[in-house]
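Participant: This is model.txt, which holds compact mmCIF, C-alpha atoms and all ligand atoms:
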# COMPACT_ATOMS: atom_id res chain seq x y z
CA MET A 281 1.36 -146.88 72.19
CA LYS A 282 1.77 -143.13 72.52
CA GLU A 283 2.24 -142.17 76.17
CA GLU A 284 -0.18 -139.20 75.80
CA LEU A 285 -3.05 -141.57 74.99
CA LEU A 286 -3.16 -142.52 78.67
CA HIS A 287 -4.45 -138.99 79.38
CA LEU A 288 -7.68 -139.86 77.57
CA PHE A 289 -8.33 -142.64 80.09
CA PRO A 290 -9.62 -142.08 83.64
CA GLU A 291 -7.26 -140.38 86.08
CA GLY A 292 -4.64 -142.77 87.38
CA ALA A 293 -4.84 -145.09 84.35
CA ALA A 294 -1.52 -146.91 84.03
CA VAL A 295 0.29 -149.68 82.24
CA ASN A 296 1.31 -152.61 84.45
CA ALA A 297 4.34 -154.88 84.28
CA LYS A 298 2.52 -157.20 81.87
CA GLY A 299 2.03 -154.30 79.45
CA HIS A 300 -1.72 -154.26 80.18
CA LEU A 301 -3.85 -151.16 80.59
CA GLU A 302 -4.96 -150.65 84.18
CA ILE A 303 -7.92 -148.54 85.27
CA ALA A 304 -8.17 -147.70 88.97
CA GLY A 305 -5.63 -150.41 89.68
CA CYS A 306 -7.61 -153.07 87.75
CA ASP A 307 -6.03 -154.91 84.83
CA THR A 308 -8.42 -154.37 81.93
CA VAL A 309 -7.50 -157.65 80.22
CA ALA A 310 -8.37 -159.44 83.46
CA LEU A 311 -11.65 -157.46 83.72
CA ALA A 312 -12.57 -158.54 80.18
CA GLY A 313 -11.79 -162.15 81.12
CA GLU A 314 -13.79 -162.02 84.34
CA TYR A 315 -16.88 -160.11 83.20
CA GLY A 316 -16.93 -160.75 79.44
CA THR A 317 -17.04 -158.26 76.58
CA PRO A 318 -18.19 -155.80 75.45
CA LEU A 319 -17.81 -154.30 78.89
CA TYR A 320 -18.41 -150.77 80.11
CA VAL A 321 -15.96 -149.87 82.88
CA LEU A 322 -16.62 -146.82 85.07
CA ASP A 323 -13.99 -145.39 87.39
CA GLU A 324 -15.73 -144.29 90.58
CA SER A 325 -12.96 -142.00 91.85
CA HIS A 326 -12.84 -140.20 88.54
CA ILE A 327 -16.57 -139.44 88.76
CA ARG A 328 -16.28 -138.28 92.38
CA ASN A 329 -13.25 -136.10 91.67
CA LYS A 330 -14.99 -134.44 88.74
CA CYS A 331 -18.06 -133.71 90.87
CA ARG A 332 -15.83 -132.17 93.55
CA GLN A 333 -13.95 -130.15 90.96
CA TYR A 334 -17.17 -128.64 89.57
CA VAL A 335 -18.44 -127.81 93.04
CA SER A 336 -15.18 -126.26 94.22
CA GLU A 337 -14.36 -124.34 91.01
CA PHE A 338 -17.83 -122.80 90.80
CA THR A 339 -18.79 -122.32 94.45
CA GLY A 340 -15.24 -121.10 95.18
CA ARG A 341 -15.94 -118.20 92.82
CA PHE A 342 -19.66 -117.75 93.50
CA ALA A 343 -21.12 -119.46 96.56
CA ASP A 344 -24.69 -119.49 95.26
CA THR A 345 -23.97 -122.06 92.51
CA ARG A 346 -25.71 -125.43 92.34
CA VAL A 347 -24.24 -128.25 90.27
CA ALA A 348 -26.88 -130.62 88.87
CA TYR A 349 -25.56 -133.73 87.15
CA ALA A 350 -27.32 -134.25 83.78
CA SER A 351 -28.43 -137.83 84.20
CA LYS A 352 -29.09 -138.35 80.49
CA ALA A 353 -25.32 -138.77 80.12
CA CYS A 354 -25.50 -142.01 82.12
CA LEU A 355 -27.75 -143.02 84.97
CA ASN A 356 -28.12 -146.16 87.01
CA LYS A 357 -28.51 -146.73 90.73
CA ALA A 358 -24.79 -146.78 91.49
CA VAL A 359 -24.14 -143.55 89.59
CA ALA A 360 -27.15 -141.88 91.24
CA ARG A 361 -25.77 -142.84 94.67
CA VAL A 362 -22.36 -141.40 93.87
CA ILE A 363 -23.96 -138.15 92.69
CA ARG A 364 -26.12 -138.00 95.83
CA GLU A 365 -23.15 -138.67 98.12
CA GLU A 366 -21.16 -135.92 96.40
CA GLY A 367 -23.98 -133.50 97.24
CA LEU A 368 -24.90 -132.63 93.64
CA GLU A 369 -28.40 -132.09 92.35
CA LEU A 370 -29.81 -134.09 89.46
CA ASP A 371 -31.34 -133.18 86.13
CA VAL A 372 -33.80 -135.72 84.72
CA VAL A 373 -35.69 -135.54 81.49
CA SER A 374 -38.34 -138.22 81.85
CA GLY A 375 -40.40 -140.20 84.32
CA GLY A 376 -38.02 -143.10 83.66
CA GLU A 377 -34.90 -141.19 84.70
CA LEU A 378 -36.78 -139.93 87.74
CA ALA A 379 -37.76 -143.51 88.63
CA ILE A 380 -34.11 -144.65 88.46
CA ALA A 381 -33.04 -141.74 90.65
CA LEU A 382 -35.78 -142.41 93.22
CA SER A 383 -34.97 -146.12 93.27
CA ALA A 384 -31.44 -145.17 94.35
CA GLY A 385 -32.82 -143.01 97.15
CA PHE A 386 -31.98 -139.73 95.41
CA PRO A 387 -33.93 -136.97 97.20
CA ALA A 388 -36.66 -135.69 94.86
CA ALA A 389 -36.29 -132.21 96.33
CA ARG A 390 -32.86 -132.03 94.64
CA VAL A 391 -34.20 -133.02 91.20
CA TYR A 392 -34.77 -130.72 88.19
CA PHE A 393 -37.36 -132.13 85.80
CA HIS A 394 -36.67 -131.15 82.19
CA GLY A 395 -38.19 -132.12 78.86
CA ASN A 396 -39.94 -130.54 75.90
CA ASN A 397 -42.91 -132.89 76.08
CA LYS A 398 -43.46 -134.04 79.63
CA SER A 399 -46.64 -136.07 79.67
CA PRO A 400 -49.35 -135.31 82.26
CA GLU A 401 -48.53 -138.74 83.79
CA GLU A 402 -44.86 -137.87 84.10
CA MET A 403 -45.69 -134.50 85.65
CA ARG A 404 -48.07 -136.11 88.08
CA TYR A 405 -45.38 -138.64 89.02
CA ALA A 406 -42.97 -135.74 89.65
CA PHE A 407 -45.51 -133.98 91.89
CA GLU A 408 -46.44 -137.17 93.78
CA ASN A 409 -42.79 -137.64 94.60
CA GLY A 410 -42.10 -134.03 95.55
CA VAL A 411 -39.70 -133.03 92.78
CA GLY A 412 -38.03 -129.76 93.73
CA TYR A 413 -37.78 -127.98 90.38
CA ILE A 414 -39.51 -128.05 87.02
CA VAL A 415 -37.92 -126.59 83.91
CA ALA A 416 -40.98 -125.60 81.89
CA ASP A 417 -40.53 -125.77 78.14
CA ASN A 418 -43.63 -124.03 76.79
CA LEU A 419 -46.94 -122.29 77.47
CA MET A 420 -49.08 -125.45 77.50
CA GLU A 421 -46.85 -126.90 80.15
CA LEU A 422 -47.37 -123.86 82.39
CA GLU A 423 -51.10 -124.47 82.39
CA LEU A 424 -50.65 -128.11 83.30
CA LEU A 425 -48.28 -127.10 86.08
CA GLN A 426 -50.85 -124.70 87.47
CA GLN A 427 -53.51 -127.45 87.53
CA LEU A 428 -51.16 -129.85 89.32
CA ALA A 429 -50.06 -127.19 91.79
CA VAL A 430 -53.70 -126.70 92.74
CA GLU A 431 -54.39 -130.43 92.91
CA PHE A 432 -51.31 -131.27 94.99
CA GLY A 433 -51.35 -128.12 97.10
CA TYR A 434 -47.73 -127.32 96.41
CA SER A 435 -45.59 -126.05 93.59
CA PRO A 436 -42.05 -126.95 92.74
CA GLU A 437 -39.86 -124.02 91.79
CA VAL A 438 -40.32 -123.32 88.07
CA LEU A 439 -37.70 -122.14 85.59
CA ILE A 440 -38.68 -121.29 82.03
CA ARG A 441 -36.45 -122.71 79.33
CA VAL A 442 -35.43 -120.14 76.75
CA THR A 443 -33.32 -120.10 73.60
CA PRO A 444 -31.03 -117.09 73.69
CA GLY A 445 -30.33 -117.31 69.96
CA VAL A 446 -26.70 -118.33 70.41
CA GLU A 447 -25.01 -120.85 68.13
CA ALA A 448 -22.56 -123.23 69.77
CA HIS A 449 -19.96 -124.63 67.40
CA THR A 450 -20.65 -128.27 67.92
CA HIS A 451 -22.41 -131.00 65.97
CA GLN A 452 -25.77 -129.87 64.59
CA HIS A 453 -27.60 -132.64 66.47
CA ILE A 454 -26.32 -131.43 69.84
CA THR A 455 -26.74 -127.68 69.54
CA THR A 456 -29.86 -126.40 71.29
CA GLY A 457 -29.59 -122.70 72.13
CA TYR A 458 -30.49 -121.37 68.67
CA THR A 459 -33.80 -119.70 67.87
CA GLY A 460 -36.06 -122.32 66.32
CA SER A 461 -34.77 -125.17 68.50
CA LYS A 462 -37.44 -127.64 69.60
CA PHE A 463 -36.34 -126.94 73.17
CA GLY A 464 -37.60 -123.92 75.06
CA LEU A 465 -38.97 -120.60 73.90
CA PRO A 466 -37.38 -117.76 71.94
CA LEU A 467 -37.04 -114.64 74.07
CA GLY A 468 -40.05 -112.87 72.56
CA ASP A 469 -42.30 -115.80 73.48
CA ALA A 470 -40.56 -116.23 76.82
CA ALA A 471 -41.61 -112.71 77.81
CA GLY A 472 -45.22 -113.80 77.21
CA ALA A 473 -44.64 -117.00 79.18
CA ILE A 474 -43.31 -115.04 82.14
CA LYS A 475 -46.31 -112.74 82.03
CA LYS A 476 -48.61 -115.73 81.92
CA ALA A 477 -46.79 -117.63 84.68
CA ARG A 478 -47.05 -114.64 86.96
CA LYS A 479 -50.83 -114.66 86.53
CA LEU A 480 -51.00 -118.37 87.42
CA VAL A 481 -50.94 -117.68 91.11
CA ASN A 482 -50.09 -121.20 92.26
CA LEU A 483 -46.87 -121.30 90.29
CA LYS A 484 -43.57 -120.46 91.93
CA LEU A 485 -41.67 -118.96 89.00
CA VAL A 486 -38.06 -118.38 90.05
CA GLY A 487 -36.03 -118.05 86.90
CA LEU A 488 -34.78 -118.99 83.49
CA HIS A 489 -32.99 -121.96 82.03
CA CYS A 490 -31.00 -122.38 78.86
CA HIS A 491 -28.76 -125.10 77.50
CA LEU A 492 -26.63 -124.23 74.51
CA GLY A 493 -25.56 -127.64 73.32
CA SER A 494 -23.05 -130.30 74.14
CA GLN A 495 -19.30 -130.85 73.67
CA ILE A 496 -18.68 -127.07 73.62
CA ASN A 497 -14.93 -126.48 73.70
CA GLU A 498 -15.05 -122.68 73.90
CA THR A 499 -16.31 -120.06 76.32
CA ARG A 500 -17.79 -117.59 73.83
CA PRO A 501 -21.31 -119.15 73.64
CA TYR A 502 -21.64 -118.97 77.44
CA GLU A 503 -20.54 -115.33 77.49
CA GLU A 504 -22.94 -114.40 74.70
CA ALA A 505 -25.86 -116.28 76.21
CA LEU A 506 -25.37 -114.79 79.68
CA GLY A 507 -25.21 -111.28 78.22
CA VAL A 508 -28.44 -111.85 76.28
CA LEU A 509 -30.25 -113.46 79.23
CA ILE A 510 -29.34 -110.74 81.69
CA ASP A 511 -30.38 -107.96 79.27
CA PHE A 512 -33.64 -109.85 78.73
CA SER A 513 -34.14 -110.20 82.50
CA ARG A 514 -33.71 -106.46 82.92
CA GLU A 515 -36.42 -105.88 80.29
CA VAL A 516 -38.89 -108.24 81.93
CA TYR A 517 -38.08 -106.74 85.31
CA ASP A 518 -38.98 -103.30 83.96
CA LYS A 519 -42.14 -104.49 82.18
CA GLU A 520 -43.43 -107.22 84.46
CA GLY A 521 -41.64 -106.67 87.74
CA PHE A 522 -40.29 -110.20 87.47
CA GLU A 523 -37.08 -110.64 89.41
CA LEU A 524 -34.68 -113.34 88.22
CA LYS A 525 -33.78 -115.37 91.30
CA LYS A 526 -32.23 -118.40 89.59
CA LEU A 527 -30.52 -118.87 86.26
CA SER A 528 -29.42 -122.18 84.79
CA ILE A 529 -26.88 -122.00 82.01
CA GLY A 530 -27.14 -125.78 81.37
CA GLY A 531 -24.22 -128.07 80.67
CA GLY A 532 -22.28 -128.76 77.52
CA PHE A 533 -18.69 -128.52 78.78
CA GLY A 534 -16.45 -130.43 76.39
CA VAL A 535 -14.05 -133.32 76.88
CA ASN A 536 -11.09 -134.70 74.94
CA TYR A 537 -12.13 -137.75 72.96
CA THR A 538 -8.92 -137.82 70.94
CA LEU A 539 -5.49 -136.22 71.15
CA GLN A 540 -6.67 -133.64 68.61
CA ASP A 541 -9.43 -132.27 70.90
CA ARG A 542 -8.75 -129.23 73.06
CA ALA A 543 -11.19 -129.30 75.96
CA LEU A 544 -11.00 -126.45 78.45
CA PRO A 545 -10.35 -126.93 82.16
CA VAL A 546 -13.37 -126.55 84.47
CA SER A 547 -11.69 -123.48 86.00
CA VAL A 548 -11.86 -121.66 82.65
CA TYR A 549 -15.61 -122.25 82.28
CA ALA A 550 -16.09 -121.25 85.93
CA ASP A 551 -14.09 -118.04 85.51
CA THR A 552 -15.92 -117.03 82.36
CA ILE A 553 -19.40 -117.88 83.55
CA ILE A 554 -19.09 -116.28 86.97
CA ASN A 555 -17.32 -113.15 85.71
CA THR A 556 -19.74 -112.66 82.85
CA LEU A 557 -22.77 -113.24 85.04
CA THR A 558 -21.73 -110.88 87.80
CA SER A 559 -20.57 -108.11 85.48
CA ALA A 560 -23.69 -108.38 83.30
CA CYS A 561 -25.90 -108.14 86.40
CA ASN A 562 -23.95 -105.15 87.73
CA ARG A 563 -24.28 -103.42 84.38
CA ALA A 564 -28.01 -104.14 84.23
CA GLY A 565 -28.55 -103.07 87.83
CA LEU A 566 -29.90 -106.51 88.83
CA SER A 567 -28.90 -108.64 91.81
CA THR A 568 -26.91 -111.68 90.71
CA PRO A 569 -29.25 -114.69 90.60
CA GLY A 570 -28.36 -118.10 91.99
CA LEU A 571 -26.51 -119.99 89.26
CA ILE A 572 -27.22 -123.56 88.21
CA ILE A 573 -24.95 -125.59 85.94
CA GLU A 574 -25.75 -129.04 84.53
CA PRO A 575 -22.64 -130.92 83.46
CA GLY A 576 -23.18 -134.48 82.23
CA ARG A 577 -20.61 -135.64 79.67
CA SER A 578 -17.69 -133.90 81.37
CA ILE A 579 -18.39 -135.64 84.69
CA ILE A 580 -18.88 -139.16 83.46
CA GLY A 581 -17.58 -139.38 79.87
CA PRO A 582 -13.87 -139.62 80.62
CA ALA A 583 -14.59 -141.89 83.61
CA GLY A 584 -15.73 -144.64 81.22
CA VAL A 585 -13.85 -147.10 79.04
CA THR A 586 -15.36 -149.79 76.82
CA LEU A 587 -13.53 -153.08 76.40
CA TYR A 588 -14.10 -155.20 73.31
CA ARG A 589 -12.70 -158.50 72.15
CA VAL A 590 -11.25 -158.67 68.66
CA GLY A 591 -12.91 -161.12 66.27
CA MET A 592 -12.45 -161.26 62.52
CA ILE A 593 -9.73 -159.23 60.85
CA LYS A 594 -10.12 -158.40 57.19
CA GLU A 595 -7.68 -156.58 54.95
CA ILE A 596 -8.85 -155.23 51.61
CA GLN A 597 -5.51 -154.95 49.87
CA GLY A 598 -4.35 -151.41 49.28
CA LEU A 599 -7.54 -150.00 50.75
CA ILE A 600 -8.41 -150.72 54.38
CA LYS A 601 -7.82 -153.13 57.22
CA TYR A 602 -10.83 -153.89 59.42
CA VAL A 603 -10.41 -155.09 62.97
CA THR A 604 -13.90 -156.24 63.96
CA VAL A 605 -14.92 -156.30 67.60
CA ASP A 606 -17.77 -157.97 69.47
CA GLY A 607 -19.76 -154.75 69.94
CA GLY A 608 -20.36 -151.60 67.92
CA MET A 609 -23.28 -149.30 67.28
CA ALA A 610 -25.59 -151.17 69.68
CA ASP A 611 -23.38 -150.15 72.63
CA ASN A 612 -21.98 -146.92 71.15
CA ILE A 613 -24.15 -145.17 68.58
CA ARG A 614 -22.19 -141.89 68.70
CA PRO A 615 -19.88 -142.46 65.70
CA ALA A 616 -22.87 -143.39 63.52
CA LEU A 617 -25.11 -140.66 64.94
CA TYR A 618 -22.73 -137.72 65.21
CA ASP A 619 -19.59 -138.76 63.34
CA ALA A 620 -17.97 -138.87 66.76
CA SER A 621 -14.26 -139.67 66.83
CA TYR A 622 -12.57 -141.90 69.35
CA ALA A 623 -9.09 -143.18 70.16
CA ALA A 624 -8.36 -146.85 70.83
CA VAL A 625 -5.58 -148.99 72.26
CA ALA A 626 -4.78 -152.69 72.35
CA ALA A 627 -5.26 -153.10 76.11
CA GLY A 628 -2.93 -156.10 76.41
CA LYS A 629 -0.18 -154.71 74.19
CA MET A 630 0.42 -151.29 75.63
CA TYR A 631 4.21 -151.46 75.25
CA GLU A 632 4.02 -152.57 71.64
CA PRO A 633 4.31 -149.92 68.93
CA ALA A 634 1.08 -148.79 67.29
CA SER A 635 2.40 -150.07 63.99
CA GLU A 636 -0.79 -150.62 62.01
CA LYS A 637 -3.43 -148.23 60.66
CA VAL A 638 -6.78 -150.00 61.04
CA THR A 639 -10.49 -149.27 61.17
CA ILE A 640 -12.30 -150.73 64.16
CA ALA A 641 -15.65 -152.02 62.94
CA GLY A 642 -18.62 -153.24 64.91
CA LYS A 643 -20.50 -156.48 64.30
CA TYR A 644 -23.90 -155.02 63.39
CA CYS A 645 -25.65 -154.96 60.04
CA GLU A 646 -25.05 -151.37 59.03
CA SER A 647 -22.13 -150.09 56.96
CA GLY A 648 -22.08 -147.12 59.33
CA ASP A 649 -21.27 -149.41 62.23
CA ILE A 650 -17.68 -148.23 62.51
CA LEU A 651 -16.33 -147.38 65.96
CA VAL A 652 -12.99 -145.81 65.08
CA LYS A 653 -11.71 -144.94 61.60
CA ASP A 654 -8.03 -145.06 60.64
CA VAL A 655 -6.54 -145.51 64.06
CA SER A 656 -2.93 -146.52 64.77
CA LEU A 657 -3.00 -149.71 66.80
CA ALA A 658 -0.54 -152.38 67.90
CA SER A 659 -0.89 -155.47 65.72
CA VAL A 660 -3.83 -157.44 67.16
CA THR A 661 -5.21 -160.93 66.60
CA MET A 662 -8.48 -162.63 67.40
CA GLY A 663 -9.10 -162.64 71.15
CA ASP A 664 -7.09 -159.49 71.93
CA ILE A 665 -8.76 -156.72 73.90
CA VAL A 666 -9.32 -153.26 72.45
CA ALA A 667 -10.11 -150.41 74.86
CA ILE A 668 -11.92 -147.26 73.74
CA PRO A 669 -11.69 -144.37 76.22
CA VAL A 670 -14.22 -141.63 77.05
CA THR A 671 -17.26 -143.85 76.63
CA GLY A 672 -18.87 -143.11 80.00
CA ALA A 673 -21.40 -140.64 78.56
CA TYR A 674 -24.16 -141.13 75.99
CA CYS A 675 -23.14 -144.72 75.17
CA LEU A 676 -24.94 -146.93 77.68
CA PRO A 677 -28.09 -144.73 77.80
CA MET A 678 -28.29 -144.81 73.99
CA ALA A 679 -27.54 -148.54 73.77
CA SER A 680 -30.00 -150.72 71.87
CA ASN A 681 -30.75 -154.35 71.24
CA TYR A 682 -30.20 -153.93 67.51
CA ASN A 683 -29.57 -157.26 65.79
CA GLY A 684 -30.56 -158.97 69.05
CA ALA A 685 -27.55 -157.60 70.92
CA PRO A 686 -27.81 -158.09 74.67
CA LYS A 687 -26.68 -154.87 76.41
CA PRO A 688 -23.21 -155.12 77.97
CA ALA A 689 -22.53 -155.26 81.70
CA VAL A 690 -21.31 -152.18 83.55
CA VAL A 691 -18.51 -152.61 86.06
CA MET A 692 -17.51 -149.93 88.57
CA VAL A 693 -13.83 -149.96 89.47
CA ASN A 694 -12.18 -148.33 92.46
CA CYS A 695 -8.83 -148.74 94.26
CA GLY A 696 -8.03 -152.08 92.62
CA GLY A 697 -11.53 -153.52 93.19
CA SER A 698 -14.35 -154.08 90.70
CA ARG A 699 -18.06 -154.82 90.97
CA VAL A 700 -20.90 -155.28 88.51
CA ILE A 701 -23.36 -152.40 88.82
CA CYS A 702 -25.56 -153.43 85.87
CA ARG A 703 -25.53 -157.04 84.83
CA ARG A 704 -25.08 -158.11 81.24
CA GLU A 705 -28.33 -158.86 79.42
CA GLU A 706 -28.89 -162.48 78.49
CA TYR A 707 -30.78 -163.86 75.52
CA SER A 708 -33.74 -164.43 77.85
CA ASP A 709 -33.85 -160.67 78.49
CA LEU A 710 -34.43 -160.13 74.79
CA VAL A 711 -37.82 -161.83 75.05
CA ARG A 712 -38.58 -160.83 78.67
CA LEU A 713 -41.26 -158.39 77.59
CA ASP A 714 -42.68 -160.43 74.72
CA VAL A 715 -46.15 -161.59 75.61
CA GLY A 716 -47.18 -162.93 72.23
C1 LIG A 801 -30.96 -129.40 79.48
C2 LIG A 801 -29.65 -130.08 79.46
N1 LIG A 801 -28.81 -129.89 80.48
C3 LIG A 801 -27.61 -130.49 80.52
C4 LIG A 801 -27.21 -131.34 79.51
C5 LIG A 801 -25.88 -132.01 79.62
O1 LIG A 801 -24.99 -131.68 78.62
P1 LIG A 801 -23.54 -132.25 78.67
O2 LIG A 801 -23.63 -133.72 78.86
O3 LIG A 801 -22.94 -131.88 77.37
O4 LIG A 801 -22.85 -131.57 79.82
C6 LIG A 801 -28.05 -131.57 78.41
C7 LIG A 801 -27.63 -132.44 77.31
O5 LIG A 801 -28.21 -132.56 76.28
C8 LIG A 801 -29.31 -130.91 78.39
O6 LIG A 801 -30.16 -131.11 77.38
Translate this file's structure into structure tokens.
Ligand SMILES: Cc1ncc(COP(=O)(O)O)c(C=O)c1O
Facilitator:
Amino acid sequence: MKEELLHLFPEGAAVNAKGHLEIAGCDTVALAGEYGTPLYVLDESHIRNKCRQYVSEFTGRFADTRVAYASKACLNKAVARVIREEGLELDVVSGGELAIALSAGFPAARVYFHGNNKSPEEMRYAFENGVGYIVADNLMELELLQQLAVEFGYSPEVLIRVTPGVEAHTHQHITTGYTGSKFGLPLGDAAGAIKKARKLVNLKLVGLHCHLGSQINETRPYEEALGVLIDFSREVYDKEGFELKKLSIGGGFGVNYTLQDRALPVSVYADTIINTLTSACNRAGLSTPGLIIEPGRSIIGPAGVTLYRVGMIKEIQGLIKYVTVDGGMADNIRPALYDASYAAVAAGKMYEPASEKVTIAGKYCESGDILVKDVSLASVTMGDIVAIPVTGAYCLPMASNYNGAPKPAVVMVNCGGSRVICRREEYSDLVRLDVG
């Protein structure tokens, strides 16, 4: 195994005397034996350290920065508690994510409620529970917000989501800041929305929100978007007298999935965003608004590892060798959905040379159910454990029961200890909701 591959695993990943991969002091082969496979493993210290890094890198440069964890990346009670304890805020995009957060005791006042089609029921639920911020997507939503503000006698702070017309160089399915996106309003329409919101006297409009996309491994889109948003804010200040008090630039900060990726350190995003924001505001003669960032993937993605057990191995002579594992697209849809690339190691054979080029296939009934194409792996046999790093984000929340697959368990590891934070589904869970 190449030494550098360890850098894709959570901080402090190591190889023990048995030649097994260890995460947070836990032997991954032993974890697979104890909890079964497929198994999602989350390293608690890694998540906490990332939260602290975001807070210190951003607030160290600009004190009025709030870090809201984007819960769509991965949310369950244990993760919500860690985020709460680290003092972050939380971005949710549905009544369901809000319910998970509340069930973990996450303070609603620290929640941002996003979504391009929040239902009246979801909005009502947010108001009943005292959600602190709403990111309004469109004009219809503003009217609904006004009605609820009157009914409940209070208004959360409102940010209007806009599309600054900036293309982020990432997969088409995860770019969102371009004009014509289903999320938010183009600037021309946003000016009208601001005008309208200011007439709806019960609304507490405080600012703008934009999210450019995900897995963005460059700073240019943030610079461009901030320039556009601050110029726009100056225009609406002149025309409407609207003062931008808060600005969310969303999340999207990239991570290294493979040794070929070149993710940027948090400090580089922080430098660029803070410098661009403050200089653009100075130039425009505006006071610098409070900044909100919403990292998801970069907090929890690299904290996660998925463990699989090898099943059938099939070599098509001269063409391809499949190593099939006991999971696949039902627990990680990203390769099929976005052509996402991953690395992989044989967790029990870390000292053995990666002597074979194989394709790691899932067990589900789709030809696209391939987890990793053409990866160099130590020679494995049935029963061996394969570990795929950087699976903490957008795997579990996108998991399905396709082909009757029970969802895997999630284990949190820390300082040599492990505990189940979400139990594995059983066959009985597959019919739990059937009433016919
Ligand atoms: C509004 C918003 N904020 C934040 C995020 C988090 O992005 P990432 O996980 O890439 O940091 C997303 C992801 O889609 C989003 O839609």
Participant: Between A:Glu324, A:Glu302, A:Glu437, A:Glu503, which residue has the minimum interatomic distance to Gly628 of chain A, considering only C-alpha atoms?
Facilitator: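 For Gly628 of chain A, the nearest of the given residues is A:Glu302.
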Participant: Find, counting all atoms listed in the file, the residue in A:Thr317, A:Leu527, A:Glu498, A:Arg699 that gets nearest to Gly591 of chain A.
Facilitator: A:Thr317
Participant: Name all residues at most 12 Å from Gly570 of chain A (count only C-alpha atoms; drop same-chain ones fewer than 5 positions away) and give them as JSON, numbers by chain.
Facilitator: {"A": [338, 339, 342, 343, 344, 345, 346, 347, 486, 487, 488, 489, 523, 524, 525, 526, 527, 528, 529, 554, 557, 558, 561]}
Participant: Would you kindly return, as a PyMOL selection string, each protein, DNA or RNA residue with an atom no farther than 12 Å from any atom of Ala360 of chain A, considering all atoms listed in the file and excluding same-chain residues fewer than 2 positions away?
Facilitator: chain A and resi 324+327-328+348-358+362-372+377-388+390-391+580+701
Participant: Which residues, written as a PDB file with C-alpha atoms, in the frame of the given file, have at least one atom at most 12 Å from Asp518 of chain A, with only C-alpha atoms counted and residues fewer than 5 positions away on the same chain left out?
Facilitator:
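Below you can see part-v4.pdb, which holds the result:
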ATOM      1  CA  ALA A 471     -41.610-112.710  77.810  1.00  0.00           C
ATOM      2  CA  ASP A 511     -30.380-107.960  79.270  1.00  0.00           C
ATOM      3  CA  PHE A 512     -33.640-109.850  78.730  1.00  0.00           C
ATOM      4  CA  SER A 513     -34.140-110.200  82.500  1.00  0.00           C
ATOM      5  CA  GLU A 523     -37.080-110.640  89.410  1.00  0.00           C
ATOM      6  CA  LEU A 524     -34.680-113.340  88.220  1.00  0.00           C
ATOM      7  CA  ALA A 564     -28.010-104.140  84.230  1.00  0.00           C
ATOM      8  CA  GLY A 565     -28.550-103.070  87.830  1.00  0.00           C
ATOM      9  CA  LEU A 566     -29.900-106.510  88.830  1.00  0.00           C
TER      10      LEU A 566
END
Participant: So, counting all atoms listed in the file, which residue among A:Ala293, A:Leu506, A:Leu301, A:Cys645 is closest to Val625 of chain A?
Facilitator: A:Leu301
Participant: Go through A:Asn497, A:Thr459, A:Ser435, A:Ser559 and flag the residue nearest Gly410 of chain A, using all atoms listed in the file for the distances.
Facilitator: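 Under the stated criterion, the closest residue is A:Ser435.
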Participant: Rounded to one decimal, what separation in Å do you get between atom CA of Ala623 of chain A and atom CA of Val335 of chain A?
Facilitator: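 Computing it gives 29.1 Å between the two atoms.
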Participant: List the neighbours of Thr604 of chain A out to 10 Å using all atoms listed in the file; skip same-chain residues closer than 5 positions along the sequence, and give me the result as a list in words.
Facilitator: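 The filter keeps Tyr588, Arg589, Val590, Gly591, Met592, Ile593, Lys594, Val638, Thr639, Ile640, Ala641, Gly642, Lys643, Ile650, Leu651 and Met662 of chain A.
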Participant: Skip segment 607-615 of chain A itself and residues of its chain fewer than 4 positions away, then list as a list in words all residues within 7 Å of it, counting all atoms listed in the file.
Facilitator: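 Counting only the stated atoms, we get Pro318, Tyr588, Asp619, Ala620, Ser621, Ala641, Gly642, Lys643, Tyr644, Asp649, Ile650, Leu651, Cys675, Leu676, Met678, Ala679, Ser680, Asn681, Tyr682, Ala685 and Lys687 of chain A.
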Participant: Hey, can you check how far atom CA of Gly412 of chain A sits from atom CA of Arg361 of chain A?
Facilitator: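 Interatomic distance here is 18.0 Å.
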Participant: So how far away is atom CA of Val446 of chain A from atom CA of Ala473 of chain A, in Å?
Facilitator: 20.0 Å
Participant: Using all atoms listed in the file, can you tell me which of A:Ala624, A:Leu285, A:Val691, A:Val670 comes closest to Val652 of chain A?
Facilitator: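 Between A:Ala624, A:Leu285, A:Val691, A:Val670, the residue approaching Val652 of chain A most closely is A:Ala624.
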Participant: Using all atoms listed in the file, which of A:Pro686, A:Gly716, A:Pro669, A:Gly468 sits nearest Tyr320 of chain A?
Facilitator: A:Pro669
